[in-house]
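Step one of this worksheet: look at the structure below.
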Amino acid sequence: MNYQDINAETVDRWVQEGWEWGIPISHETYLKALNGDWDVFLSPTKPVPHQWFGKLRGKTVLGLASGGGQQIPIFAALGACCTVLDYSKSQLESERLVSEREGYPVELVRADMTKPLPFADASFDLIFHPVSNCYIEEVRPVFRECFRVLKPGGVLLCGLDIGMNYIVDSTETQIVHSLPYNPLRDPALMEELKDADDGVQFSHTMEEQLGGQLEAGFRLTHLYEDTNGSGRLHELHIPSFVATRAVKPE
């Protein structure tokens, strides 16, 4: 198995165990979105500002590694034409169940985002890409593919893990690892992840992530920081994530 297959199986198992990012929204939440009362998240605790989206009605939206029935149903309620790409069968099944329950169309694509995206150039107005970069080794190719499949003037919204979680132990009280955190290069890290049932995870620098978006051709317009939502780093107000908004120039 390659590491992405391990991650797909891991996420499927987490979903079956009640993982918070795999619980679909309720019918009541969908109805609220239809009435303009909604929020979505790129990172653990802070909702994405509504102005980052603009008007979604009639727009083509790609949820990149965004399965689970949490964000895409909101965009559908707001009138967007939605596609979801995810490597987890369970996350895509959640999307199917919500779409059938609420009666909106959605295109479901099971694919590996480390490979070229299976879409034509200039296919989407907006890409919503919540935190998932920590499950792939190389992030720059993803940004290049996002740039390719976005229309001119299209928007890329990303949640990005900035590596803080990988330097500390499980209690978040001691610094125990150096960076970069890459279990493909360190068998001891791979064993730690296996024992903790954490899949295969990687740290990434801001140079890789913000720099990678700029290198791909994007223009960064907004960002904010966020914490884990729980644990000692959160209690000390130490950011572990950044959410970014970038635009493909027209």
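Residue numbers start at 1 in each chain; chains themselves are named A, B, ... in the order of the structure tokens; ligands are numbered from 1 in the order shown.
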
Would you please give, as a PyMOL selection string, all residues of stretch 214-246 of chain A that DSSP assigns to strand (DSSP E) based on the backbone?
-> chain A and resi 219-226+241-246

Would you list the contacts of stretch 50-55 of chain A as a PyMOL selection string, taking every protein, DNA or RNA residue within 12 Å and counting only C-alpha atoms, but skipping same-chain residues closer than 3 positions in sequence?
-> chain A and resi 36-42+46-47+58-61+75+78-80+125-128+153-158+220-224+243-247

Can I get the selected residues back with N, CA, C and O atoms, as a compact mmCIF listing (two decimals), in the first residue's frame?
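File produced: again06.txt:
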# COMPACT_ATOMS: atom_id res chain seq x y z
N GLY A 36 -30.15 31.52 4.43
CA GLY A 36 -29.05 32.47 4.56
C GLY A 36 -28.32 32.43 5.88
O GLY A 36 -27.47 33.29 6.14
N ASP A 37 -28.62 31.44 6.73
CA ASP A 37 -27.97 31.32 8.03
C ASP A 37 -26.99 30.14 7.96
O ASP A 37 -27.40 28.98 8.04
N TRP A 38 -25.69 30.43 7.79
CA TRP A 38 -24.73 29.35 7.56
C TRP A 38 -23.31 29.77 7.94
O TRP A 38 -22.99 30.95 8.02
N ASP A 39 -22.49 28.77 8.18
CA ASP A 39 -21.04 28.94 8.34
C ASP A 39 -20.37 27.67 7.88
O ASP A 39 -20.93 26.57 7.97
N VAL A 40 -19.14 27.80 7.37
CA VAL A 40 -18.30 26.64 7.03
C VAL A 40 -16.90 26.91 7.56
O VAL A 40 -16.53 28.06 7.86
N PHE A 41 -16.10 25.83 7.66
CA PHE A 41 -14.80 25.92 8.30
C PHE A 41 -13.71 25.35 7.40
O PHE A 41 -13.85 24.26 6.85
N LEU A 42 -12.62 26.10 7.27
CA LEU A 42 -11.40 25.60 6.64
C LEU A 42 -10.44 25.02 7.67
O LEU A 42 -9.54 24.25 7.33
N LYS A 46 -12.53 28.65 13.55
CA LYS A 46 -12.98 29.93 13.02
C LYS A 46 -13.77 29.75 11.72
O LYS A 46 -13.26 29.16 10.76
N PRO A 47 -15.00 30.23 11.66
CA PRO A 47 -15.74 30.15 10.39
C PRO A 47 -15.11 31.06 9.34
O PRO A 47 -14.53 32.10 9.65
N GLY A 58 -25.14 29.86 -8.86
CA GLY A 58 -24.74 29.66 -10.24
C GLY A 58 -23.26 29.40 -10.43
O GLY A 58 -22.83 29.12 -11.56
N LYS A 59 -22.46 29.45 -9.38
CA LYS A 59 -21.01 29.23 -9.48
C LYS A 59 -20.70 27.74 -9.44
O LYS A 59 -21.43 26.94 -8.83
N THR A 60 -19.59 27.38 -10.08
CA THR A 60 -19.10 26.00 -10.02
C THR A 60 -18.07 25.90 -8.90
O THR A 60 -17.09 26.65 -8.88
N VAL A 61 -18.30 24.98 -7.96
CA VAL A 61 -17.46 24.85 -6.77
C VAL A 61 -16.89 23.44 -6.71
O VAL A 61 -17.62 22.45 -6.85
N PHE A 75 -22.94 24.87 0.30
CA PHE A 75 -22.75 25.56 -0.97
C PHE A 75 -23.90 25.24 -1.93
O PHE A 75 -24.35 26.11 -2.69
N LEU A 78 -26.83 27.28 -1.17
CA LEU A 78 -26.64 28.66 -1.59
C LEU A 78 -26.68 28.81 -3.11
O LEU A 78 -26.44 29.89 -3.63
N GLY A 79 -26.95 27.70 -3.81
CA GLY A 79 -27.17 27.79 -5.25
C GLY A 79 -25.98 27.43 -6.12
O GLY A 79 -26.03 27.62 -7.34
N ALA A 80 -24.90 26.90 -5.52
CA ALA A 80 -23.72 26.53 -6.30
C ALA A 80 -23.90 25.17 -6.95
O ALA A 80 -24.66 24.32 -6.48
N ASP A 125 -15.21 27.97 -10.55
CA ASP A 125 -15.14 29.35 -10.06
C ASP A 125 -14.49 29.43 -8.68
O ASP A 125 -13.91 30.47 -8.33
N LEU A 126 -14.61 28.36 -7.90
CA LEU A 126 -14.10 28.38 -6.53
C LEU A 126 -13.67 26.98 -6.11
O LEU A 126 -14.35 25.99 -6.45
N ILE A 127 -12.55 26.88 -5.41
CA ILE A 127 -12.10 25.62 -4.81
C ILE A 127 -12.06 25.81 -3.30
O ILE A 127 -11.45 26.76 -2.80
N PHE A 128 -12.71 24.91 -2.59
CA PHE A 128 -12.73 24.91 -1.13
C PHE A 128 -11.91 23.72 -0.66
O PHE A 128 -12.28 22.57 -0.90
N GLY A 153 -9.90 34.63 -12.51
CA GLY A 153 -10.71 35.30 -11.51
C GLY A 153 -11.24 34.36 -10.44
O GLY A 153 -11.88 34.81 -9.48
N GLY A 154 -10.97 33.06 -10.59
CA GLY A 154 -11.44 32.07 -9.62
C GLY A 154 -10.71 32.17 -8.29
O GLY A 154 -9.62 32.72 -8.19
N VAL A 155 -11.35 31.62 -7.27
CA VAL A 155 -10.88 31.77 -5.88
C VAL A 155 -10.50 30.41 -5.31
O VAL A 155 -11.23 29.42 -5.46
N LEU A 156 -9.35 30.37 -4.63
CA LEU A 156 -8.89 29.19 -3.90
C LEU A 156 -8.90 29.50 -2.41
O LEU A 156 -8.22 30.43 -1.96
N LEU A 157 -9.68 28.73 -1.64
CA LEU A 157 -9.73 28.87 -0.19
C LEU A 157 -9.10 27.63 0.43
O LEU A 157 -9.54 26.50 0.16
N CYS A 158 -8.08 27.83 1.27
CA CYS A 158 -7.33 26.71 1.84
C CYS A 158 -7.24 26.80 3.36
O CYS A 158 -7.04 27.90 3.91
N LEU A 220 -2.45 36.18 -3.28
CA LEU A 220 -3.05 36.06 -1.95
C LEU A 220 -3.76 37.35 -1.58
O LEU A 220 -3.21 38.43 -1.74
N THR A 221 -4.99 37.22 -1.09
CA THR A 221 -5.77 38.40 -0.73
C THR A 221 -6.08 38.50 0.76
O THR A 221 -6.20 39.60 1.28
N HIS A 222 -6.26 37.36 1.44
CA HIS A 222 -6.63 37.37 2.85
C HIS A 222 -6.08 36.13 3.55
O HIS A 222 -5.86 35.10 2.90
N LEU A 223 -5.88 36.23 4.87
CA LEU A 223 -5.55 35.06 5.67
C LEU A 223 -5.92 35.31 7.12
O LEU A 223 -6.07 36.45 7.56
N TYR A 224 -6.10 34.23 7.86
CA TYR A 224 -6.23 34.31 9.32
C TYR A 224 -5.64 33.05 9.94
O TYR A 224 -5.50 32.02 9.27
N ALA A 243 -5.66 29.88 7.44
CA ALA A 243 -6.61 29.83 6.33
C ALA A 243 -6.27 30.95 5.36
O ALA A 243 -5.98 32.07 5.78
N THR A 244 -6.29 30.64 4.08
CA THR A 244 -5.90 31.62 3.06
C THR A 244 -6.95 31.73 1.98
O THR A 244 -7.64 30.77 1.66
N ARG A 245 -7.04 32.94 1.43
CA ARG A 245 -7.84 33.19 0.23
C ARG A 245 -6.92 33.70 -0.85
O ARG A 245 -6.15 34.66 -0.64
N ALA A 246 -6.94 33.05 -2.01
CA ALA A 246 -6.10 33.45 -3.13
C ALA A 246 -6.93 33.48 -4.39
O ALA A 246 -7.94 32.76 -4.52
N VAL A 247 -6.51 34.30 -5.34
CA VAL A 247 -7.26 34.50 -6.58
C VAL A 247 -6.36 34.23 -7.77
O VAL A 247 -5.18 34.60 -7.79

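Shortest atom-to-atom contact with A:Asp12 among A:Ser170, A:Glu138, A:Asp197, A:Glu28: A:Asp197, counting only C-alpha atoms.
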
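Separating atom CA of A:Leu189 from atom CA of A:Gln209 is a distance of 22.4 Å.
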
Length of the atom CA of A:Ser66 to atom CA of A:Pro187 vector [Å] | 29.2 Å

With the cut-off set at 12 Å and counting only C-alpha atoms, tabulate each residue of stretch 181-219 of chain A with an atom at most that distance from an atom of stretch 171-177 of chain A, showing the nearest atom pair and its distance in Å to one decimal, ordered by chain and increasing number, as a Markdown table.
| residue | atom | partner | partner_atom | distance |
| --- | --- | --- | --- | --- |
| A:Tyr181 | CA | A:His177 | CA | 7.5 |
| A:Asn182 | CA | A:His177 | CA | 10.5 |
| A:Pro183 | CA | A:His177 | CA | 11.6 |
| A:Asp186 | CA | A:His177 | CA | 11.3 |
| A:Ala188 | CA | A:His177 | CA | 11.1 |
| A:Leu189 | CA | A:His177 | CA | 9.3 |
| A:Glu192 | CA | A:His177 | CA | 11.6 |
| A:Ser203 | CA | A:His177 | CA | 10.9 |

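Atom CA of A:Glu93 lies 11.7 Å from atom CA of A:Val106.
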
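When only C-alpha atoms are used to measure the gap to A:Arg140, the shortest distance among A:Leu34, A:Leu210, A:Val168, A:Val109 belongs to A:Leu210.
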
Fewer than 3 positions away in the same chain doesn't count, so skip those; otherwise give me all residues within 8 Å of A:Phe218, counting only C-alpha atoms, as a list in words.
-> Phe147, Gln213, Leu214, Glu215, Ala246, Val247, Lys248 and Pro249 of chain A

Mind writing the picked residues with N, CA, C and O atoms as a compact mmCIF listing (two decimals), in the first residue's frame?
# COMPACT_ATOMS: atom_id res chain seq x y z
N PHE A 147 -4.62 25.93 -9.67
CA PHE A 147 -4.52 27.08 -10.57
C PHE A 147 -5.01 26.69 -11.97
O PHE A 147 -5.76 27.45 -12.61
N GLN A 213 1.56 28.69 -3.33
CA GLN A 213 0.42 29.32 -4.01
C GLN A 213 0.90 30.46 -4.91
O GLN A 213 0.42 30.61 -6.04
N LEU A 214 1.83 31.25 -4.39
CA LEU A 214 2.36 32.36 -5.19
C LEU A 214 3.11 31.85 -6.42
O LEU A 214 2.96 32.40 -7.53
N GLU A 215 3.91 30.80 -6.23
CA GLU A 215 4.66 30.23 -7.35
C GLU A 215 3.72 29.68 -8.43
O GLU A 215 4.04 29.72 -9.62
N ALA A 246 -6.94 33.05 -2.01
CA ALA A 246 -6.10 33.45 -3.13
C ALA A 246 -6.93 33.48 -4.39
O ALA A 246 -7.94 32.76 -4.52
N VAL A 247 -6.51 34.30 -5.34
CA VAL A 247 -7.26 34.50 -6.58
C VAL A 247 -6.36 34.23 -7.77
O VAL A 247 -5.18 34.60 -7.79
N LYS A 248 -6.92 33.57 -8.78
CA LYS A 248 -6.22 33.41 -10.06
C LYS A 248 -6.46 34.67 -10.89
O LYS A 248 -7.61 35.02 -11.18
N PRO A 249 -5.41 35.38 -11.24
CA PRO A 249 -5.61 36.65 -11.97
C PRO A 249 -6.37 36.44 -13.29
O PRO A 249 -6.27 35.41 -13.94

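By only C-alpha atoms, and with residues fewer than 3 positions from A:Ser88 along its chain excluded, the set lying at most 7 Å from it is Ala8, Val11, Asp12, Gln91 and Leu92 of chain A.
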
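Comparing the minimum interatomic distances between A:His234 and each of A:Met164, A:Glu191, A:Val200, A:Ile6, counting only C-alpha atoms, we find that A:Met164 sits nearest.
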
Please report, as a PyMOL selection string, each residue of stretch 115-157 of chain A to which DSSP assigns helix (DSSP H, G or I) when run on this structure's backbone.
-> chain A and resi 133-135+140-149

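Among the candidates A:Pro152, A:Pro180, A:Pro141, A:Pro44, the one nearest to A:Gly212 when counting only C-alpha atoms is A:Pro141.
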
Fewer than 5 positions away in the same chain doesn't count, so skip those; otherwise give me all residues within 10 Å of A:Ile25, counting only C-alpha atoms, as a list in words.
-> Tyr30, Gly68, Gly69, Gln70, Gln71, Ile72, Pro73, Ile74, Ser94, Glu95 and Val98 of chain A

For the residues in that selection, give me N, CA and C atoms as a PDB file, in the first residue's frame.
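What landed in out15.pdb:
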ATOM      1  N   TYR A  30     -29.203  22.366   6.998  1.00  0.00           N
ATOM      2  CA  TYR A  30     -29.391  22.624   5.574  1.00  0.00           C
ATOM      3  C   TYR A  30     -30.499  23.647   5.346  1.00  0.00           C
ATOM      4  N   GLY A  68     -17.577  14.462   3.324  1.00  0.00           N
ATOM      5  CA  GLY A  68     -18.082  14.359   4.682  1.00  0.00           C
ATOM      6  C   GLY A  68     -19.459  14.950   4.883  1.00  0.00           C
ATOM      7  N   GLY A  69     -19.958  15.654   3.874  1.00  0.00           N
ATOM      8  CA  GLY A  69     -21.306  16.204   3.988  1.00  0.00           C
ATOM      9  C   GLY A  69     -21.429  17.377   4.939  1.00  0.00           C
ATOM     10  N   GLN A  70     -20.370  18.174   5.054  1.00  0.00           N
ATOM     11  CA  GLN A  70     -20.397  19.320   5.958  1.00  0.00           C
ATOM     12  C   GLN A  70     -20.405  20.658   5.228  1.00  0.00           C
ATOM     13  N   GLN A  71     -19.551  20.799   4.212  1.00  0.00           N
ATOM     14  CA  GLN A  71     -19.454  22.088   3.523  1.00  0.00           C
ATOM     15  C   GLN A  71     -20.225  22.120   2.206  1.00  0.00           C
ATOM     16  N   ILE A  72     -20.084  21.061   1.421  1.00  0.00           N
ATOM     17  CA  ILE A  72     -20.699  21.048   0.094  1.00  0.00           C
ATOM     18  C   ILE A  72     -22.220  21.202   0.165  1.00  0.00           C
ATOM     19  N   PRO A  73     -22.918  20.577   1.123  1.00  0.00           N
ATOM     20  CA  PRO A  73     -24.363  20.812   1.199  1.00  0.00           C
ATOM     21  C   PRO A  73     -24.716  22.277   1.430  1.00  0.00           C
ATOM     22  N   ILE A  74     -23.871  22.988   2.168  1.00  0.00           N
ATOM     23  CA  ILE A  74     -24.101  24.419   2.387  1.00  0.00           C
ATOM     24  C   ILE A  74     -23.988  25.170   1.062  1.00  0.00           C
ATOM     25  N   SER A  94     -21.028   9.926   2.599  1.00  0.00           N
ATOM     26  CA  SER A  94     -21.756  10.934   3.373  1.00  0.00           C
ATOM     27  C   SER A  94     -22.296  12.024   2.468  1.00  0.00           C
ATOM     28  N   GLU A  95     -21.496  12.445   1.486  1.00  0.00           N
ATOM     29  CA  GLU A  95     -21.953  13.455   0.530  1.00  0.00           C
ATOM     30  C   GLU A  95     -23.165  12.942  -0.246  1.00  0.00           C
ATOM     31  N   VAL A  98     -26.393  12.920   1.986  1.00  0.00           N
ATOM     32  CA  VAL A  98     -26.977  14.243   2.231  1.00  0.00           C
ATOM     33  C   VAL A  98     -27.624  14.781   0.963  1.00  0.00           C
TER      34      VAL A  98
END
